[in-house]
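Content type CSV, N, CA and C atoms, from the file run_25.csv:
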```
chain,number,residue,atom,x,y,z
A,270,MET,N,0.8,-1.2,0.0
A,270,MET,CA,0.0,0.0,0.0
A,270,MET,C,0.9,1.2,0.0
A,271,ALA,N,0.4,2.3,-0.6
A,271,ALA,CA,1.1,3.5,-0.7
A,271,ALA,C,1.2,4.2,0.7
A,272,ARG,N,2.1,5.1,0.8
A,272,ARG,CA,2.3,5.8,2.1
A,272,ARG,C,0.9,6.4,2.5
A,273,ILE,N,0.6,6.4,3.7
A,273,ILE,CA,-0.6,6.9,4.3
A,273,ILE,C,-0.2,8.2,5.1
A,274,LEU,N,-0.7,9.3,4.7
A,274,LEU,CA,-0.3,10.6,5.3
A,274,LEU,C,-1.4,11.3,6.0
A,275,ARG,N,-1.0,12.1,7.0
A,275,ARG,CA,-2.0,12.9,7.7
A,275,ARG,C,-2.6,13.8,6.6
A,276,GLY,N,-4.0,13.9,6.7
A,276,GLY,CA,-4.7,14.7,5.7
A,276,GLY,C,-5.3,13.8,4.6
A,277,ASP,N,-4.9,12.6,4.4
A,277,ASP,CA,-5.4,11.8,3.4
A,277,ASP,C,-6.9,11.4,3.7
A,278,ILE,N,-7.7,11.2,2.7
A,278,ILE,CA,-9.1,10.8,2.9
A,278,ILE,C,-9.3,9.5,2.1
A,279,TYR,N,-9.8,8.4,2.9
A,279,TYR,CA,-10.0,7.1,2.3
A,279,TYR,C,-11.4,6.6,2.6
A,280,TRP,N,-11.9,5.7,1.7
A,280,TRP,CA,-13.1,5.0,2.0
A,280,TRP,C,-12.7,3.9,3.0
A,281,VAL,N,-13.6,3.7,4.0
A,281,VAL,CA,-13.4,2.7,5.0
A,281,VAL,C,-14.7,2.1,5.4
A,282,GLU,N,-14.8,0.8,5.7
A,282,GLU,CA,-16.0,0.2,6.3
A,282,GLU,C,-15.9,0.3,7.8
A,283,LEU,N,-16.8,1.0,8.4
A,283,LEU,CA,-16.8,1.2,9.9
A,283,LEU,C,-17.7,0.3,10.7
A,284,SER,N,-18.5,-0.5,10.0
A,284,SER,CA,-19.4,-1.4,10.7
A,284,SER,C,-18.6,-2.7,11.1
A,285,PRO,N,-19.0,-3.3,12.2
A,285,PRO,CA,-20.2,-2.9,13.0
A,285,PRO,C,-19.8,-1.8,14.0
A,286,GLY,N,-20.8,-1.1,14.4
A,286,GLY,CA,-20.7,0.0,15.4
A,286,GLY,C,-21.7,-0.2,16.5
A,287,ARG,N,-21.6,0.6,17.5
A,287,ARG,CA,-22.5,0.6,18.6
A,287,ARG,C,-23.0,2.0,19.0
A,288,GLY,N,-24.2,2.1,19.5
A,288,GLY,CA,-24.7,3.4,19.9
A,288,GLY,C,-24.6,4.5,18.8
A,289,ARG,N,-23.9,5.6,19.1
A,289,ARG,CA,-23.9,6.7,18.2
A,289,ARG,C,-22.6,6.7,17.4
A,290,GLU,N,-21.9,5.6,17.3
A,290,GLU,CA,-20.7,5.6,16.5
A,290,GLU,C,-21.1,5.6,15.0
A,291,GLN,N,-20.3,6.3,14.2
A,291,GLN,CA,-20.5,6.3,12.8
A,291,GLN,C,-20.3,4.8,12.3
A,292,THR,N,-21.1,4.4,11.3
A,292,THR,CA,-21.0,3.1,10.8
A,292,THR,C,-21.1,3.1,9.3
A,293,ARG,N,-21.1,1.9,8.7
A,293,ARG,CA,-21.2,1.7,7.2
A,293,ARG,C,-19.9,2.2,6.5
A,294,ARG,N,-20.0,2.1,5.2
A,294,ARG,CA,-18.9,2.5,4.4
A,294,ARG,C,-18.9,4.0,4.2
A,295,ARG,N,-17.8,4.7,4.6
A,295,ARG,CA,-17.8,6.1,4.5
A,295,ARG,C,-16.3,6.6,4.4
A,296,PRO,N,-16.1,7.8,4.0
A,296,PRO,CA,-14.8,8.4,4.0
A,296,PRO,C,-14.3,8.7,5.4
A,297,VAL,N,-13.0,8.6,5.7
A,297,VAL,CA,-12.4,9.1,6.9
A,297,VAL,C,-11.2,9.9,6.6
A,298,LEU,N,-10.9,10.8,7.5
A,298,LEU,CA,-9.8,11.7,7.4
A,298,LEU,C,-8.7,11.2,8.3
A,299,VAL,N,-7.5,10.9,7.8
A,299,VAL,CA,-6.4,10.4,8.6
A,299,VAL,C,-5.8,11.6,9.4
A,300,LEU,N,-5.7,11.4,10.7
A,300,LEU,CA,-5.1,12.4,11.6
A,300,LEU,C,-3.6,12.0,12.0
A,301,SER,N,-3.3,10.7,12.0
A,301,SER,CA,-2.0,10.3,12.5
A,301,SER,C,-1.0,10.5,11.4
A,302,ARG,N,0.3,10.6,11.9
A,302,ARG,CA,1.4,10.9,11.0
A,302,ARG,C,1.9,9.6,10.3
A,303,GLU,N,2.6,9.8,9.2
A,303,GLU,CA,3.1,8.7,8.4
A,303,GLU,C,3.9,7.6,9.2
A,304,ILE,N,4.8,8.1,10.1
A,304,ILE,CA,5.6,7.1,10.8
A,304,ILE,C,4.8,6.2,11.7
A,305,PHE,N,3.7,6.8,12.3
A,305,PHE,CA,2.8,6.0,13.2
A,305,PHE,C,2.0,5.0,12.3
A,306,ASN,N,1.5,5.5,11.2
A,306,ASN,CA,0.7,4.7,10.3
A,306,ASN,C,1.5,3.5,9.8
A,307,GLU,N,2.8,3.8,9.4
A,307,GLU,CA,3.6,2.7,8.8
A,307,GLU,C,4.1,1.7,9.9
A,308,ARG,N,4.5,2.2,11.0
A,308,ARG,CA,5.0,1.3,12.1
A,308,ARG,C,4.0,0.5,12.8
A,309,SER,N,2.8,1.1,13.0
A,309,SER,CA,1.8,0.5,13.8
A,309,SER,C,0.8,-0.4,13.0
A,310,GLY,N,0.7,-0.1,11.7
A,310,GLY,CA,-0.3,-0.8,10.9
A,310,GLY,C,-1.7,-0.4,11.2
A,311,THR,N,-1.8,0.7,11.9
A,311,THR,CA,-3.1,1.4,12.2
A,311,THR,C,-3.0,2.8,11.8
A,312,ILE,N,-4.2,3.4,11.7
A,312,ILE,CA,-4.3,4.9,11.6
A,312,ILE,C,-5.3,5.4,12.6
A,313,MET,N,-5.1,6.7,13.0
A,313,MET,CA,-6.1,7.4,13.8
A,313,MET,C,-6.9,8.3,12.8
A,314,ALA,N,-8.2,8.2,12.8
A,314,ALA,CA,-9.0,8.9,11.8
A,314,ALA,C,-10.3,9.4,12.3
A,315,LEU,N,-10.8,10.3,11.6
A,315,LEU,CA,-12.1,11.0,11.9
A,315,LEU,C,-13.1,10.6,10.8
A,316,ALA,N,-14.3,10.2,11.2
A,316,ALA,CA,-15.4,9.9,10.3
A,316,ALA,C,-15.8,11.2,9.5
A,317,ILE,N,-16.3,11.0,8.3
A,317,ILE,CA,-16.8,12.1,7.5
A,317,ILE,C,-18.2,11.7,7.1
A,318,THR,N,-19.1,12.7,7.1
A,318,THR,CA,-20.5,12.5,6.8
A,318,THR,C,-21.0,13.4,5.7
A,319,SER,N,-21.9,13.0,4.9
A,319,SER,CA,-22.5,13.9,3.9
A,319,SER,C,-23.9,14.5,4.4
A,320,GLN,N,-24.3,14.1,5.6
A,320,GLN,CA,-25.5,14.6,6.1
A,320,GLN,C,-25.3,16.0,6.7
A,321,PRO,N,-26.1,17.0,6.3
A,321,PRO,CA,-25.9,18.3,6.8
A,321,PRO,C,-25.9,18.3,8.4
A,322,GLN,N,-25.0,19.1,8.9
A,322,GLN,CA,-24.7,19.1,10.3
A,322,GLN,C,-25.2,20.4,11.0
A,323,ARG,N,-25.9,20.2,12.1
A,323,ARG,CA,-26.4,21.4,12.9
A,323,ARG,C,-25.3,21.9,13.8
A,324,ALA,N,-24.5,21.0,14.3
A,324,ALA,CA,-23.4,21.4,15.2
A,324,ALA,C,-22.3,22.0,14.3
A,325,GLY,N,-21.7,23.0,14.8
A,325,GLY,CA,-20.6,23.7,14.2
A,325,GLY,C,-19.3,23.3,14.8
A,326,PHE,N,-18.3,24.1,14.4
A,326,PHE,CA,-16.9,23.9,15.0
A,326,PHE,C,-17.0,24.1,16.5
A,327,PRO,N,-16.4,23.3,17.4
A,327,PRO,CA,-15.4,22.3,17.1
A,327,PRO,C,-16.0,20.8,16.9
A,328,LEU,N,-17.3,20.6,16.8
A,328,LEU,CA,-17.8,19.3,16.6
A,328,LEU,C,-17.8,18.8,15.2
A,329,THR,N,-17.9,19.7,14.3
A,329,THR,CA,-17.9,19.3,12.8
A,329,THR,C,-17.1,20.4,12.1
A,330,TYR,N,-16.6,20.0,10.9
A,330,TYR,CA,-15.8,20.9,10.1
A,330,TYR,C,-16.2,20.6,8.6
A,331,PRO,N,-16.7,21.7,7.9
A,331,PRO,CA,-17.1,21.5,6.5
A,331,PRO,C,-15.8,21.3,5.6
A,332,LEU,N,-15.9,20.3,4.8
A,332,LEU,CA,-14.8,20.1,3.8
A,332,LEU,C,-15.0,21.1,2.6
A,333,PRO,N,-13.9,21.4,2.0
A,333,PRO,CA,-14.0,22.2,0.8
A,333,PRO,C,-14.9,21.5,-0.2
A,334,GLU,N,-15.7,22.3,-0.9
A,334,GLU,CA,-16.8,21.8,-1.8
A,334,GLU,C,-16.3,20.8,-2.9
A,335,ARG,N,-15.2,21.0,-3.5
A,335,ARG,CA,-14.8,20.1,-4.6
A,335,ARG,C,-13.9,19.0,-4.1
A,336,LEU,N,-13.7,18.8,-2.8
A,336,LEU,CA,-12.8,17.7,-2.4
A,336,LEU,C,-13.5,16.4,-2.5
A,337,LEU,N,-14.7,16.2,-2.2
A,337,LEU,CA,-15.5,15.0,-2.3
A,337,LEU,C,-16.6,15.2,-3.3
A,338,HIS,N,-17.3,14.2,-3.7
A,338,HIS,CA,-18.4,14.3,-4.7
A,338,HIS,C,-19.6,15.0,-4.3
A,339,LYS,N,-19.8,15.2,-3.0
A,339,LYS,CA,-20.9,16.0,-2.5
A,339,LYS,C,-20.5,16.7,-1.2
A,340,PRO,N,-21.3,17.7,-0.8
A,340,PRO,CA,-21.0,18.4,0.5
A,340,PRO,C,-20.8,17.4,1.6
A,341,SER,N,-19.7,17.7,2.4
A,341,SER,CA,-19.3,16.7,3.5
A,341,SER,C,-18.8,17.5,4.7
A,342,TRP,N,-18.9,16.8,5.8
A,342,TRP,CA,-18.4,17.4,7.1
A,342,TRP,C,-17.5,16.3,7.8
A,343,VAL,N,-16.4,16.8,8.4
A,343,VAL,CA,-15.6,15.9,9.3
A,343,VAL,C,-16.3,16.0,10.7
A,344,LYS,N,-16.6,14.8,11.2
A,344,LYS,CA,-17.2,14.7,12.5
A,344,LYS,C,-16.0,14.6,13.5
A,345,ILE,N,-15.6,15.7,14.1
A,345,ILE,CA,-14.4,15.8,14.9
A,345,ILE,C,-14.5,14.9,16.1
A,346,SER,N,-15.6,14.7,16.6
A,346,SER,CA,-15.8,13.9,17.9
A,346,SER,C,-15.8,12.4,17.6
A,347,GLN,N,-15.8,12.0,16.3
A,347,GLN,CA,-15.8,10.6,15.9
A,347,GLN,C,-14.4,10.1,15.6
A,348,VAL,N,-13.5,10.0,16.6
A,348,VAL,CA,-12.2,9.5,16.4
A,348,VAL,C,-12.1,8.0,16.5
A,349,ARG,N,-11.4,7.4,15.5
A,349,ARG,CA,-11.3,5.9,15.5
A,349,ARG,C,-9.9,5.5,15.2
A,350,THR,N,-9.4,4.4,15.8
A,350,THR,CA,-8.2,3.8,15.4
A,350,THR,C,-8.6,2.6,14.6
A,351,LEU,N,-8.0,2.5,13.4
A,351,LEU,CA,-8.4,1.5,12.4
A,351,LEU,C,-7.2,0.8,11.8
A,352,SER,N,-7.3,-0.4,11.5
A,352,SER,CA,-6.2,-1.2,10.8
A,352,SER,C,-6.1,-0.6,9.4
A,353,THR,N,-4.9,-0.5,8.9
A,353,THR,CA,-4.6,0.0,7.6
A,353,THR,C,-5.2,-1.0,6.6
A,354,GLU,N,-5.5,-2.2,7.0
A,354,GLU,CA,-6.1,-3.2,6.1
A,354,GLU,C,-7.6,-2.8,5.8
A,355,ARG,N,-8.2,-2.0,6.6
A,355,ARG,CA,-9.6,-1.5,6.3
A,355,ARG,C,-9.6,-0.4,5.2
A,356,LEU,N,-8.5,0.2,4.9
A,356,LEU,CA,-8.5,1.3,3.9
A,356,LEU,C,-8.9,0.8,2.5
A,357,GLY,N,-9.8,1.6,1.9
A,357,GLY,CA,-10.1,1.3,0.5
A,357,GLY,C,-9.5,2.4,-0.4
A,358,LYS,N,-10.2,2.8,-1.3
A,358,LYS,CA,-9.7,3.8,-2.3
A,358,LYS,C,-9.4,5.2,-1.6
A,359,LYS,N,-8.3,5.7,-2.0
A,359,LYS,CA,-8.0,7.1,-1.6
A,359,LYS,C,-8.8,8.1,-2.4
A,360,LEU,N,-9.5,9.0,-1.7
A,360,LEU,CA,-10.4,10.0,-2.3
A,360,LEU,C,-9.8,11.3,-2.5
A,361,GLY,N,-8.7,11.7,-1.7
A,361,GLY,CA,-8.2,13.0,-1.8
A,361,GLY,C,-7.3,13.3,-0.6
A,362,ARG,N,-7.0,14.5,-0.5
A,362,ARG,CA,-6.1,15.0,0.6
A,362,ARG,C,-6.5,16.4,1.0
A,363,LEU,N,-6.6,16.6,2.3
A,363,LEU,CA,-7.0,17.9,2.9
A,363,LEU,C,-5.7,18.7,3.1
A,364,PRO,N,-5.7,20.0,2.8
A,364,PRO,CA,-4.5,20.8,3.0
A,364,PRO,C,-4.1,20.8,4.5
A,365,GLU,N,-2.8,20.9,4.7
A,365,GLU,CA,-2.3,20.9,6.1
A,365,GLU,C,-2.9,21.9,7.0
A,366,ALA,N,-3.1,23.1,6.5
A,366,ALA,CA,-3.7,24.2,7.3
A,366,ALA,C,-5.1,23.8,7.8
A,367,GLU,N,-5.9,23.1,7.0
A,367,GLU,CA,-7.2,22.7,7.4
A,367,GLU,C,-7.2,21.5,8.4
A,368,VAL,N,-6.2,20.6,8.2
A,368,VAL,CA,-6.0,19.5,9.1
A,368,VAL,C,-5.7,20.1,10.5
A,369,ASN,N,-4.8,21.1,10.5
A,369,ASN,CA,-4.4,21.7,11.8
A,369,ASN,C,-5.6,22.4,12.5
A,370,ARG,N,-6.5,23.0,11.7
A,370,ARG,CA,-7.7,23.6,12.3
A,370,ARG,C,-8.6,22.5,12.9
A,371,ILE,N,-8.7,21.3,12.2
A,371,ILE,CA,-9.5,20.2,12.8
A,371,ILE,C,-8.9,19.7,14.1
A,372,ILE,N,-7.6,19.6,14.1
A,372,ILE,CA,-6.9,19.2,15.3
A,372,ILE,C,-7.1,20.2,16.4
A,373,GLU,N,-7.2,21.5,16.1
A,373,GLU,CA,-7.5,22.5,17.1
A,373,GLU,C,-8.9,22.2,17.7
A,374,GLY,N,-9.9,21.8,16.8
A,374,GLY,CA,-11.2,21.5,17.3
A,374,GLY,C,-11.2,20.3,18.2
A,375,LEU,N,-10.4,19.3,17.9
A,375,LEU,CA,-10.3,18.1,18.7
A,375,LEU,C,-9.7,18.5,20.1
A,376,LEU,N,-8.7,19.3,20.1
A,376,LEU,CA,-8.2,19.8,21.4
A,376,LEU,C,-9.2,20.6,22.2
A,377,ASP,N,-10.1,21.3,21.5
A,377,ASP,CA,-11.1,22.0,22.2
A,377,ASP,C,-12.1,21.0,22.9
A,378,ILE,N,-12.3,19.9,22.3
A,378,ILE,CA,-13.2,18.9,22.8
A,378,ILE,C,-12.5,18.1,24.0
A,379,ILE,N,-11.3,17.7,23.8
A,379,ILE,CA,-10.7,16.9,24.9
A,379,ILE,C,-9.9,17.7,25.9
A,380,GLY,N,-9.7,19.0,25.6
A,380,GLY,CA,-9.0,19.8,26.6
A,380,GLY,C,-7.4,19.6,26.5
A,381,PRO,N,-6.7,20.5,27.3
A,381,PRO,CA,-5.3,20.4,27.3
A,381,PRO,C,-4.7,19.2,27.9
```
Could I get this structure in the form of structure tokens?
Amino acid sequence: MARILRGDIYWVELSPGRGREQTRRRPVLVLSREIFNERSGTIMALAITSQPQRAGFPLTYPLPERLLHKPSWVKISQVRTLSTERLGKKLGRLPEAEVNRIIEGLLDIIGP
């Protein structure tokens, strides 16, 4: 598999899930750095949804319009550690500045 970088967006199967976890096949945004992804065989990622979101930042982050095939939002509170074996097709890459903004949102949620 090609290098997996922070900011990459891949299709992933998230089922089965429980409670309010995101499930089904959906895109995820990779948060973890390349060295972690490579050495651990896992990634840390955030689920992406195409359902319009009422919650704003820091709970969700709108993706640039042309990045995916329809309007989408990163669900910042939906952090998952996933095997790299789950990764499907790469869909794109989010610019570093926007990834950093999403990480700021995650830090707002979990605190210092």
Open item on the list: Quick check, in Å to one decimal: how far apart do atom N of Leu328 (chain A) and atom C of Glu354 (chain A) lie?
Closed with: 27.6 Å
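By all atoms listed in the file, and with residues fewer than 4 positions from Ser341 (chain A) along its chain excluded, the set lying at most 5 Å from it is Thr318, Ser319, Pro331 and Leu332 of chain A.
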- [ ] Find the residues near Ile345 (chain A): any atom within 10 Å, counting only C-alpha atoms, skip ones fewer than 5 places away on the same chain, and give them as a PyMOL selection string.
- [x] chain A and resi 298+314-317+326-330+371-376+378
Task: Counting only N, CA and C atoms, the option among A:Lys358, A:Arg349, A:Arg302, A:Arg335 closest to Arg275 (chain A) - done: A:Arg302
TODO: Determine the nearest neighbour of Val368 (chain A) from the options A:Trp342, A:Glu282, A:Leu300, A:Gly288, counting all atoms listed in the file.
DONE: A:Leu300
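Proximity of A:Pro381, A:Pro321, A:Pro333, A:Pro340 to Arg362 (chain A), computed with only C-alpha atoms, is greatest for A:Pro333.
Take CA of Gln291 (chain A) and CA of Gln322 (chain A): the distance between them is 13.7 Å.
DSSP secondary structure from the backbone places Glu303, Ile304, Phe305, Asn306, Glu307, Arg308, Ser309, Glu365, Ala366, Glu367, Val368, Asn369, Arg370, Ile371, Ile372, Glu373, Gly374, Leu375, Leu376, Asp377, Ile378 and Ile379 of chain A of chain A in alpha helix (DSSP H).
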Saved selection, atoms kept: N, CA and C atoms, as an mmCIF file, in the coordinates of the input:
```
data_model
loop_
_atom_site.group_PDB
_atom_site.id
_atom_site.type_symbol
_atom_site.label_atom_id
_atom_site.label_comp_id
_atom_site.auth_asym_id
_atom_site.auth_seq_id
_atom_site.Cartn_x
_atom_site.Cartn_y
_atom_site.Cartn_z
ATOM 1 N N GLU A 303 2.600 9.800 9.200
ATOM 2 C CA GLU A 303 3.100 8.700 8.400
ATOM 3 C C GLU A 303 3.900 7.600 9.200
ATOM 4 N N ILE A 304 4.800 8.100 10.100
ATOM 5 C CA ILE A 304 5.600 7.100 10.800
ATOM 6 C C ILE A 304 4.800 6.200 11.700
ATOM 7 N N PHE A 305 3.700 6.800 12.300
ATOM 8 C CA PHE A 305 2.800 6.000 13.200
ATOM 9 C C PHE A 305 2.000 5.000 12.300
ATOM 10 N N ASN A 306 1.500 5.500 11.200
ATOM 11 C CA ASN A 306 0.700 4.700 10.300
ATOM 12 C C ASN A 306 1.500 3.500 9.800
ATOM 13 N N GLU A 307 2.800 3.800 9.400
ATOM 14 C CA GLU A 307 3.600 2.700 8.800
ATOM 15 C C GLU A 307 4.100 1.700 9.900
ATOM 16 N N ARG A 308 4.500 2.200 11.000
ATOM 17 C CA ARG A 308 5.000 1.300 12.100
ATOM 18 C C ARG A 308 4.000 0.500 12.800
ATOM 19 N N SER A 309 2.800 1.100 13.000
ATOM 20 C CA SER A 309 1.800 0.500 13.800
ATOM 21 C C SER A 309 0.800 -0.400 13.000
ATOM 22 N N GLU A 365 -2.800 20.900 4.700
ATOM 23 C CA GLU A 365 -2.300 20.900 6.100
ATOM 24 C C GLU A 365 -2.900 21.900 7.000
ATOM 25 N N ALA A 366 -3.100 23.100 6.500
ATOM 26 C CA ALA A 366 -3.700 24.200 7.300
ATOM 27 C C ALA A 366 -5.100 23.800 7.800
ATOM 28 N N GLU A 367 -5.900 23.100 7.000
ATOM 29 C CA GLU A 367 -7.200 22.700 7.400
ATOM 30 C C GLU A 367 -7.200 21.500 8.400
ATOM 31 N N VAL A 368 -6.200 20.600 8.200
ATOM 32 C CA VAL A 368 -6.000 19.500 9.100
ATOM 33 C C VAL A 368 -5.700 20.100 10.500
ATOM 34 N N ASN A 369 -4.800 21.100 10.500
ATOM 35 C CA ASN A 369 -4.400 21.700 11.800
ATOM 36 C C ASN A 369 -5.600 22.400 12.500
ATOM 37 N N ARG A 370 -6.500 23.000 11.700
ATOM 38 C CA ARG A 370 -7.700 23.600 12.300
ATOM 39 C C ARG A 370 -8.600 22.500 12.900
ATOM 40 N N ILE A 371 -8.700 21.300 12.200
ATOM 41 C CA ILE A 371 -9.500 20.200 12.800
ATOM 42 C C ILE A 371 -8.900 19.700 14.100
ATOM 43 N N ILE A 372 -7.600 19.600 14.100
ATOM 44 C CA ILE A 372 -6.900 19.200 15.300
ATOM 45 C C ILE A 372 -7.100 20.200 16.400
ATOM 46 N N GLU A 373 -7.200 21.500 16.100
ATOM 47 C CA GLU A 373 -7.500 22.500 17.100
ATOM 48 C C GLU A 373 -8.900 22.200 17.700
ATOM 49 N N GLY A 374 -9.900 21.800 16.800
ATOM 50 C CA GLY A 374 -11.200 21.500 17.300
ATOM 51 C C GLY A 374 -11.200 20.300 18.200
ATOM 52 N N LEU A 375 -10.400 19.300 17.900
ATOM 53 C CA LEU A 375 -10.300 18.100 18.700
ATOM 54 C C LEU A 375 -9.700 18.500 20.100
ATOM 55 N N LEU A 376 -8.700 19.300 20.100
ATOM 56 C CA LEU A 376 -8.200 19.800 21.400
ATOM 57 C C LEU A 376 -9.200 20.600 22.200
ATOM 58 N N ASP A 377 -10.100 21.300 21.500
ATOM 59 C CA ASP A 377 -11.100 22.000 22.200
ATOM 60 C C ASP A 377 -12.100 21.000 22.900
ATOM 61 N N ILE A 378 -12.300 19.900 22.300
ATOM 62 C CA ILE A 378 -13.200 18.900 22.800
ATOM 63 C C ILE A 378 -12.500 18.100 24.000
ATOM 64 N N ILE A 379 -11.300 17.700 23.800
ATOM 65 C CA ILE A 379 -10.700 16.900 24.900
ATOM 66 C C ILE A 379 -9.900 17.700 25.900
#
```
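For the set A:Ile278, A:Ala366, A:Leu336, A:Ile273, the residue with the smallest atom-to-atom gap to Asn306 (chain A) is A:Ile273, counting all atoms listed in the file.
Taking atom C of Pro296 (chain A) as the reference point, CA of Leu356 (chain A) is found at 9.5 Å.
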TODO: Would you please work out which residue, of A:Ser346, A:Gly357, A:Ser352, A:Pro364, is nearest to Arg289 (chain A) when using only C-alpha atoms?
DONE: A:Ser346
Could you pull out the strand (DSSP E) residues of chain A from DSSP and send them as a compact mmCIF listing (two decimals) with N, CA and C atoms, in the frame of the given file?
```txt
# COMPACT_ATOMS: atom_id res chain seq x y z
N ASP A 277 -4.90 12.60 4.40
CA ASP A 277 -5.40 11.80 3.40
C ASP A 277 -6.90 11.40 3.70
N ILE A 278 -7.70 11.20 2.70
CA ILE A 278 -9.10 10.80 2.90
C ILE A 278 -9.30 9.50 2.10
N TYR A 279 -9.80 8.40 2.90
CA TYR A 279 -10.00 7.10 2.30
C TYR A 279 -11.40 6.60 2.60
N TRP A 280 -11.90 5.70 1.70
CA TRP A 280 -13.10 5.00 2.00
C TRP A 280 -12.70 3.90 3.00
N VAL A 281 -13.60 3.70 4.00
CA VAL A 281 -13.40 2.70 5.00
C VAL A 281 -14.70 2.10 5.40
N GLU A 282 -14.80 0.80 5.70
CA GLU A 282 -16.00 0.20 6.30
C GLU A 282 -15.90 0.30 7.80
N ARG A 294 -20.00 2.10 5.20
CA ARG A 294 -18.90 2.50 4.40
C ARG A 294 -18.90 4.00 4.20
N ARG A 295 -17.80 4.70 4.60
CA ARG A 295 -17.80 6.10 4.50
C ARG A 295 -16.30 6.60 4.40
N PRO A 296 -16.10 7.80 4.00
CA PRO A 296 -14.80 8.40 4.00
C PRO A 296 -14.30 8.70 5.40
N VAL A 297 -13.00 8.60 5.70
CA VAL A 297 -12.40 9.10 6.90
C VAL A 297 -11.20 9.90 6.60
N LEU A 298 -10.90 10.80 7.50
CA LEU A 298 -9.80 11.70 7.40
C LEU A 298 -8.70 11.20 8.30
N VAL A 299 -7.50 10.90 7.80
CA VAL A 299 -6.40 10.40 8.60
C VAL A 299 -5.80 11.60 9.40
N THR A 311 -1.80 0.70 11.90
CA THR A 311 -3.10 1.40 12.20
C THR A 311 -3.00 2.80 11.80
N ILE A 312 -4.20 3.40 11.70
CA ILE A 312 -4.30 4.90 11.60
C ILE A 312 -5.30 5.40 12.60
N MET A 313 -5.10 6.70 13.00
CA MET A 313 -6.10 7.40 13.80
C MET A 313 -6.90 8.30 12.80
N ALA A 314 -8.20 8.20 12.80
CA ALA A 314 -9.00 8.90 11.80
C ALA A 314 -10.30 9.40 12.30
N LEU A 315 -10.80 10.30 11.60
CA LEU A 315 -12.10 11.00 11.90
C LEU A 315 -13.10 10.60 10.80
N ALA A 316 -14.30 10.20 11.20
CA ALA A 316 -15.40 9.90 10.30
C ALA A 316 -15.80 11.20 9.50
N ILE A 317 -16.30 11.00 8.30
CA ILE A 317 -16.80 12.10 7.50
C ILE A 317 -18.20 11.70 7.10
N THR A 318 -19.10 12.70 7.10
CA THR A 318 -20.50 12.50 6.80
C THR A 318 -21.00 13.40 5.70
N THR A 329 -17.90 19.70 14.30
CA THR A 329 -17.90 19.30 12.80
C THR A 329 -17.10 20.40 12.10
N TYR A 330 -16.60 20.00 10.90
CA TYR A 330 -15.80 20.90 10.10
C TYR A 330 -16.20 20.60 8.60
N PRO A 331 -16.70 21.70 7.90
CA PRO A 331 -17.10 21.50 6.50
C PRO A 331 -15.80 21.30 5.60
N TRP A 342 -18.90 16.80 5.80
CA TRP A 342 -18.40 17.40 7.10
C TRP A 342 -17.50 16.30 7.80
N VAL A 343 -16.40 16.80 8.40
CA VAL A 343 -15.60 15.90 9.30
C VAL A 343 -16.30 16.00 10.70
N LYS A 344 -16.60 14.80 11.20
CA LYS A 344 -17.20 14.70 12.50
C LYS A 344 -16.00 14.60 13.50
N ILE A 345 -15.60 15.70 14.10
CA ILE A 345 -14.40 15.80 14.90
C ILE A 345 -14.50 14.90 16.10
N SER A 346 -15.60 14.70 16.60
CA SER A 346 -15.80 13.90 17.90
C SER A 346 -15.80 12.40 17.60
N GLN A 347 -15.80 12.00 16.30
CA GLN A 347 -15.80 10.60 15.90
C GLN A 347 -14.40 10.10 15.60
N VAL A 348 -13.50 10.00 16.60
CA VAL A 348 -12.20 9.50 16.40
C VAL A 348 -12.10 8.00 16.50
N ARG A 349 -11.40 7.40 15.50
CA ARG A 349 -11.30 5.90 15.50
C ARG A 349 -9.90 5.50 15.20
N THR A 350 -9.40 4.40 15.80
CA THR A 350 -8.20 3.80 15.40
C THR A 350 -8.60 2.60 14.60
N LEU A 351 -8.00 2.50 13.40
CA LEU A 351 -8.40 1.50 12.40
C LEU A 351 -7.20 0.80 11.80
N SER A 352 -7.30 -0.40 11.50
CA SER A 352 -6.20 -1.20 10.80
C SER A 352 -6.10 -0.60 9.40
N LEU A 356 -8.50 0.20 4.90
CA LEU A 356 -8.50 1.30 3.90
C LEU A 356 -8.90 0.80 2.50
N GLY A 357 -9.80 1.60 1.90
CA GLY A 357 -10.10 1.30 0.50
C GLY A 357 -9.50 2.40 -0.40
N LYS A 358 -10.20 2.80 -1.30
CA LYS A 358 -9.70 3.80 -2.30
C LYS A 358 -9.40 5.20 -1.60
N LYS A 359 -8.30 5.70 -2.00
CA LYS A 359 -8.00 7.10 -1.60
C LYS A 359 -8.80 8.10 -2.40
N LEU A 360 -9.50 9.00 -1.70
CA LEU A 360 -10.40 10.00 -2.30
C LEU A 360 -9.80 11.30 -2.50
N GLY A 361 -8.70 11.70 -1.70
CA GLY A 361 -8.20 13.00 -1.80
C GLY A 361 -7.30 13.30 -0.60
N ARG A 362 -7.00 14.50 -0.50
CA ARG A 362 -6.10 15.00 0.60
C ARG A 362 -6.50 16.40 1.00
```
